[in-house]
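These notes concern the structure reproduced below.
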Amino acid sequence: MTLDATDQKFLAALADDATLSAGELGRRFGLSQPAAWRRVRRLFDDGVITGRRVDLNREALGFGVTVFLGVKLATKGRVSLEDFERAVSAIPEVQSVHHVLGLYDYRLRVVARDLADFERVLRRRILLLPGVGDVEANVLLSEERRPGPLG
Amino acid sequence: MQVTEIDRRLLRQLQLASDMSTGTLAERAGMTQATCSRRLDKLTRAGIIRGQHARIHWPALGYEVEVSLRITLEKTNPRAFDEFLAGAREVPEVMEIQTFLGRVDVRLHVLARDMSHYQHLYRSQILTLPHIAEVEALVQMAEIKSGEALPL
């Protein structure tokens, strides 16, 4: 889908705040409510917007530690990849899993209450996954999300 | 503010399907719509809900390649981090910037239209950033789990 300048403004506004109504978007960018609604609808229908990401304050909810893990599988093959993916996705503390090409096979984002809790997740859950080999952990210190190549 | 078990239930449901209506959300969290709206407001004002962001499916806009760049910096210069990060913020294709304690100092999540676009970006905008000691690339093949939900 190609976006015109107004679509790009809509997309950037919704990426910043997905709770904006068509009415609010229309007022902001000088369109009627129905015209704004049609543009929002089209962004969803054409698969440009696939849902929402809720940004919660991790620390306030008791999750003090986020760790990015690079995981290499010790044994490879179709079956073990699927087994690994199913098992790793089922761990609640594992927030995201990406299959990657490079030094590691998977990139995981893991959240824990503190370092002791992370150690428990690592030793009792992640290191016991089927086929798991080398694991590298990097503890998250800061994070920023950028708007991306819009406009 | 004190986050109660009821708030946690609401946040769990919100993470599961954040684009449902307040009505559906209230029903699933087992409360009235008015209570639900009030609690969401309160959680937002208290900074527990920091924001809700539309998830953009970049391939639909022609961005087919995602690469995770793991970077170590030359730490002899005390301004290395600040100068590197300021430069990285100027590159529109950089979607995420994380700093770490570990073997990797910084991670950049980079979008590109295709491999030749990526190659161009990498040479002209990434490798030219200041104070890079080492770069490793992980090319994303598939997203297996996403959403970054907290295990509440």
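Residues are named by chain letter and number: chains run A, B, ... in the order of the structure tokens, numbers start at 1 in each chain, and ligands are numbered from 1 in the order shown.
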
Neighbouring residues of range 26-38 of chain B were defined as those with any atom within 7 Å, considering only C-alpha atoms; residues of the same chain fewer than 3 positions away were excluded. Please report them as a count of residues only.
7

Within 12 Å of Ala90 in chain A using only C-alpha atoms, minus same-chain residues under 5 positions, as a PyMOL selection string
(chain A and resi 83-85+95-97+125-126+129) or (chain B and resi 144-145+151)

Please report as number ranges by chain which residues of chain B come no farther than 6 Å from chain A, using only C-alpha atoms.
B: 18, 48-57, 60-61, 92-93, 95-102, 138-146, 148-149, 151

Using N, CA and C atoms, can you export the residues from the last selection as a tab-separated table (two decimals), in the first residue's frame?
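This went into result-v5.tsv:
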```
chain	number	residue	atom	x	y	z
B	18	SER	N	-5.69	-5.54	22.92
B	18	SER	CA	-5.78	-4.13	23.30
B	18	SER	C	-6.73	-3.33	22.43
B	48	ILE	N	1.06	4.00	35.05
B	48	ILE	CA	1.20	2.54	34.93
B	48	ILE	C	1.00	2.14	33.47
B	49	ILE	N	-0.04	2.71	32.84
B	49	ILE	CA	-0.19	2.58	31.39
B	49	ILE	C	0.50	3.81	30.80
B	50	ARG	N	1.64	3.57	30.14
B	50	ARG	CA	2.39	4.71	29.61
B	50	ARG	C	1.89	5.15	28.24
B	51	GLY	N	1.26	4.21	27.55
B	51	GLY	CA	0.74	4.56	26.23
B	51	GLY	C	0.24	3.34	25.51
B	52	GLN	N	-0.52	3.58	24.45
B	52	GLN	CA	-0.96	2.51	23.57
B	52	GLN	C	-0.60	2.93	22.16
B	53	HIS	N	0.11	2.05	21.47
B	53	HIS	CA	0.65	2.43	20.17
B	53	HIS	C	0.18	1.48	19.08
B	54	ALA	N	-0.24	2.06	17.94
B	54	ALA	CA	-0.62	1.22	16.80
B	54	ALA	C	0.62	0.43	16.38
B	55	ARG	N	0.43	-0.87	16.15
B	55	ARG	CA	1.54	-1.69	15.65
B	55	ARG	C	1.53	-1.63	14.12
B	56	ILE	N	2.61	-1.12	13.56
B	56	ILE	CA	2.70	-1.00	12.10
B	56	ILE	C	3.33	-2.27	11.53
B	57	HIS	N	2.66	-2.82	10.53
B	57	HIS	CA	3.22	-3.99	9.84
B	57	HIS	C	4.02	-3.45	8.65
B	60	ALA	N	3.89	-4.31	4.81
B	60	ALA	CA	2.77	-3.77	4.04
B	60	ALA	C	3.13	-2.42	3.41
B	61	LEU	N	4.17	-1.78	3.94
B	61	LEU	CA	4.61	-0.49	3.38
B	61	LEU	C	5.89	-0.65	2.57
B	92	PRO	N	16.39	7.59	10.14
B	92	PRO	CA	14.95	7.29	10.24
B	92	PRO	C	14.64	5.80	10.29
B	93	GLU	N	15.49	4.98	9.66
B	93	GLU	CA	15.24	3.53	9.61
B	93	GLU	C	15.55	2.82	10.93
B	95	MET	N	14.58	1.84	14.34
B	95	MET	CA	13.29	1.78	15.02
B	95	MET	C	13.41	1.69	16.54
B	96	GLU	N	14.46	1.02	16.99
B	96	GLU	CA	14.64	0.85	18.44
B	96	GLU	C	16.11	1.03	18.77
B	97	ILE	N	16.35	1.64	19.93
B	97	ILE	CA	17.72	1.79	20.42
B	97	ILE	C	17.73	1.30	21.87
B	98	GLN	N	18.53	0.28	22.15
B	98	GLN	CA	18.64	-0.21	23.52
B	98	GLN	C	20.10	-0.17	23.96
B	99	THR	N	20.34	0.14	25.23
B	99	THR	CA	21.70	0.03	25.76
B	99	THR	C	21.71	-1.09	26.79
B	100	PHE	N	22.86	-1.75	26.94
B	100	PHE	CA	22.95	-2.96	27.75
B	100	PHE	C	24.15	-2.97	28.67
B	101	LEU	N	24.02	-3.82	29.68
B	101	LEU	CA	25.14	-4.25	30.50
B	101	LEU	C	25.43	-5.67	30.03
B	102	GLY	N	26.60	-5.88	29.47
B	102	GLY	CA	26.94	-7.21	28.95
B	102	GLY	C	28.00	-7.08	27.88
B	138	LEU	N	22.15	-9.59	13.21
B	138	LEU	CA	21.24	-10.74	13.23
B	138	LEU	C	20.08	-10.36	12.31
B	139	VAL	N	19.94	-11.08	11.22
B	139	VAL	CA	18.87	-10.78	10.27
B	139	VAL	C	17.61	-11.52	10.70
B	140	GLN	N	16.51	-10.78	10.82
B	140	GLN	CA	15.27	-11.40	11.31
B	140	GLN	C	14.64	-12.29	10.23
B	141	MET	N	14.40	-13.55	10.60
B	141	MET	CA	13.77	-14.50	9.67
B	141	MET	C	12.27	-14.59	9.94
B	142	ALA	N	11.92	-14.69	11.20
B	142	ALA	CA	10.49	-14.85	11.54
B	142	ALA	C	10.23	-14.37	12.96
B	143	GLU	N	9.01	-13.82	13.13
B	143	GLU	CA	8.57	-13.41	14.45
B	143	GLU	C	7.77	-14.57	15.03
B	144	ILE	N	8.25	-15.15	16.12
B	144	ILE	CA	7.58	-16.33	16.69
B	144	ILE	C	6.61	-15.91	17.80
B	145	LYS	N	7.05	-14.96	18.63
B	145	LYS	CA	6.18	-14.44	19.69
B	145	LYS	C	6.43	-12.95	19.77
B	146	SER	N	5.35	-12.17	19.85
B	146	SER	CA	5.52	-10.72	19.93
B	146	SER	C	4.48	-10.14	20.86
B	148	GLU	N	5.17	-8.35	23.57
B	148	GLU	CA	5.89	-7.94	24.77
B	148	GLU	C	4.98	-7.81	26.00
B	149	ALA	N	4.05	-8.75	26.14
B	149	ALA	CA	3.16	-8.72	27.30
B	149	ALA	C	3.95	-9.04	28.57
B	151	PRO	N	4.07	-10.77	32.26
B	151	PRO	CA	3.36	-11.90	32.91
B	151	PRO	C	2.70	-11.48	34.21
```

Separating CA of Pro130 in chain A from CA of Thr75 in chain A, to the nearest tenth of an Å, is a gap of 9.0 Å

For the helix (DSSP H, G or I) assignment from backbone DSSP, which residues of range 7-127 of chain B qualify? Please present them as number ranges by chain.
B: 7-16, 22-28, 33-45, 58-61, 80-89, 115-126

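For the pair CA of Asp114 in chain A and CA of Leu73 in chain A, the separation is 26.3 Å.
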
From a DSSP calculation on the backbone, collect every residue of chain A in strand (DSSP E or B) and output the set as number ranges by chain.
A: 49-56, 65-73, 94-101, 106-112, 132-145

Just to be explicit: take each residue in the selection above, keep N, CA and C atoms, and write the result as a short mmCIF file (atom, residue, chain, number, x, y, z; two decimals), in the first residue's frame.
```
data_model
loop_
_atom_site.label_atom_id
_atom_site.label_comp_id
_atom_site.auth_asym_id
_atom_site.auth_seq_id
_atom_site.Cartn_x
_atom_site.Cartn_y
_atom_site.Cartn_z
N ILE A 49 -1.85 -1.43 9.86
CA ILE A 49 -1.92 -1.50 11.32
C ILE A 49 -2.46 -2.87 11.70
N THR A 50 -1.73 -3.57 12.54
CA THR A 50 -2.13 -4.94 12.88
C THR A 50 -2.60 -5.08 14.32
N GLY A 51 -2.65 -4.00 15.05
CA GLY A 51 -3.11 -4.09 16.42
C GLY A 51 -2.45 -3.00 17.25
N ARG A 52 -2.39 -3.25 18.55
CA ARG A 52 -1.80 -2.26 19.44
C ARG A 52 -0.74 -2.88 20.31
N ARG A 53 0.22 -2.04 20.69
CA ARG A 53 1.18 -2.45 21.72
C ARG A 53 0.88 -1.59 22.94
N VAL A 54 0.62 -2.25 24.05
CA VAL A 54 0.36 -1.52 25.29
C VAL A 54 1.69 -1.34 26.00
N ASP A 55 2.04 -0.11 26.28
CA ASP A 55 3.30 0.17 26.95
C ASP A 55 3.02 0.35 28.44
N LEU A 56 3.36 -0.67 29.22
CA LEU A 56 3.13 -0.61 30.67
C LEU A 56 4.43 -0.27 31.38
N VAL A 65 13.82 -6.13 35.91
CA VAL A 65 14.92 -6.57 35.04
C VAL A 65 14.39 -7.05 33.68
N THR A 66 15.00 -6.54 32.61
CA THR A 66 14.73 -7.05 31.27
C THR A 66 16.06 -7.51 30.67
N VAL A 67 16.05 -8.69 30.10
CA VAL A 67 17.30 -9.24 29.54
C VAL A 67 17.04 -9.67 28.10
N PHE A 68 17.97 -9.32 27.22
CA PHE A 68 17.92 -9.80 25.84
C PHE A 68 18.85 -11.00 25.76
N LEU A 69 18.33 -12.11 25.23
CA LEU A 69 19.13 -13.33 25.14
C LEU A 69 19.35 -13.70 23.68
N GLY A 70 20.59 -14.09 23.37
CA GLY A 70 20.87 -14.71 22.10
C GLY A 70 20.99 -16.20 22.38
N VAL A 71 20.24 -17.01 21.65
CA VAL A 71 20.25 -18.45 21.90
C VAL A 71 20.68 -19.19 20.65
N LYS A 72 21.64 -20.08 20.82
CA LYS A 72 22.07 -20.93 19.72
C LYS A 72 21.58 -22.34 20.02
N LEU A 73 21.04 -23.01 19.02
CA LEU A 73 20.60 -24.38 19.24
C LEU A 73 21.79 -25.33 19.08
N VAL A 94 9.04 -14.90 28.91
CA VAL A 94 9.62 -14.62 27.59
C VAL A 94 8.64 -13.75 26.82
N GLN A 95 8.99 -12.48 26.61
CA GLN A 95 8.07 -11.52 26.01
C GLN A 95 8.06 -11.56 24.50
N SER A 96 9.21 -11.87 23.91
CA SER A 96 9.24 -11.99 22.46
C SER A 96 10.29 -12.99 22.02
N VAL A 97 10.03 -13.60 20.87
CA VAL A 97 10.93 -14.60 20.30
C VAL A 97 11.07 -14.30 18.81
N HIS A 98 12.29 -14.14 18.34
CA HIS A 98 12.52 -13.95 16.91
C HIS A 98 13.53 -14.96 16.42
N HIS A 99 13.20 -15.60 15.30
CA HIS A 99 14.13 -16.51 14.64
C HIS A 99 15.05 -15.63 13.80
N VAL A 100 16.35 -15.75 14.01
CA VAL A 100 17.29 -14.88 13.31
C VAL A 100 18.39 -15.68 12.62
N LEU A 101 19.07 -14.98 11.74
CA LEU A 101 20.17 -15.57 10.99
C LEU A 101 21.42 -14.81 11.39
N TYR A 106 18.13 -17.62 17.78
CA TYR A 106 16.94 -16.95 18.31
C TYR A 106 17.35 -15.76 19.16
N ARG A 107 16.49 -14.76 19.11
CA ARG A 107 16.65 -13.58 19.93
C ARG A 107 15.44 -13.54 20.86
N LEU A 108 15.68 -13.54 22.18
CA LEU A 108 14.57 -13.54 23.14
C LEU A 108 14.63 -12.27 23.98
N ARG A 109 13.43 -11.81 24.34
CA ARG A 109 13.35 -10.73 25.32
C ARG A 109 12.67 -11.32 26.55
N VAL A 110 13.35 -11.22 27.70
CA VAL A 110 12.86 -11.87 28.91
C VAL A 110 12.71 -10.82 30.01
N VAL A 111 11.61 -10.90 30.75
CA VAL A 111 11.39 -9.95 31.84
C VAL A 111 11.37 -10.73 33.15
N ALA A 112 11.88 -10.12 34.23
CA ALA A 112 11.90 -10.79 35.53
C ALA A 112 11.79 -9.75 36.64
N VAL A 132 18.57 -26.50 23.30
CA VAL A 132 19.26 -25.23 23.58
C VAL A 132 20.77 -25.43 23.75
N GLY A 133 21.53 -24.55 23.13
CA GLY A 133 22.99 -24.62 23.22
C GLY A 133 23.53 -23.38 23.91
N ASP A 134 24.40 -22.64 23.21
CA ASP A 134 24.98 -21.42 23.77
C ASP A 134 23.93 -20.36 24.03
N VAL A 135 24.06 -19.66 25.15
CA VAL A 135 23.16 -18.56 25.47
C VAL A 135 23.98 -17.35 25.88
N GLU A 136 23.67 -16.20 25.31
CA GLU A 136 24.34 -14.97 25.73
C GLU A 136 23.31 -14.01 26.27
N ALA A 137 23.58 -13.44 27.45
CA ALA A 137 22.62 -12.53 28.08
C ALA A 137 23.17 -11.12 28.14
N ASN A 138 22.33 -10.15 27.78
CA ASN A 138 22.66 -8.74 27.94
C ASN A 138 21.52 -8.07 28.69
N VAL A 139 21.86 -7.44 29.82
CA VAL A 139 20.84 -6.83 30.67
C VAL A 139 20.51 -5.43 30.14
N LEU A 140 19.20 -5.18 29.93
CA LEU A 140 18.75 -3.90 29.38
C LEU A 140 18.94 -2.77 30.38
N LEU A 141 19.60 -1.69 29.93
CA LEU A 141 19.77 -0.51 30.78
C LEU A 141 18.81 0.60 30.37
N SER A 142 18.66 0.82 29.08
CA SER A 142 17.75 1.87 28.61
C SER A 142 17.20 1.48 27.25
N GLU A 143 16.06 2.09 26.93
CA GLU A 143 15.42 1.72 25.67
C GLU A 143 14.66 2.92 25.11
N GLU A 144 14.78 3.15 23.83
CA GLU A 144 13.89 4.14 23.19
C GLU A 144 13.38 3.60 21.87
N ARG A 145 12.12 3.93 21.61
CA ARG A 145 11.49 3.53 20.35
C ARG A 145 11.41 4.77 19.47
#
```

B:Glu5, B:Glu134, B:Tyr63, B:Gln15 ranked by distance to Ser116 in chain B, top pick (using only C-alpha atoms):
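Using only C-alpha atoms, Ser116 in chain B sits closest to B:Tyr63.
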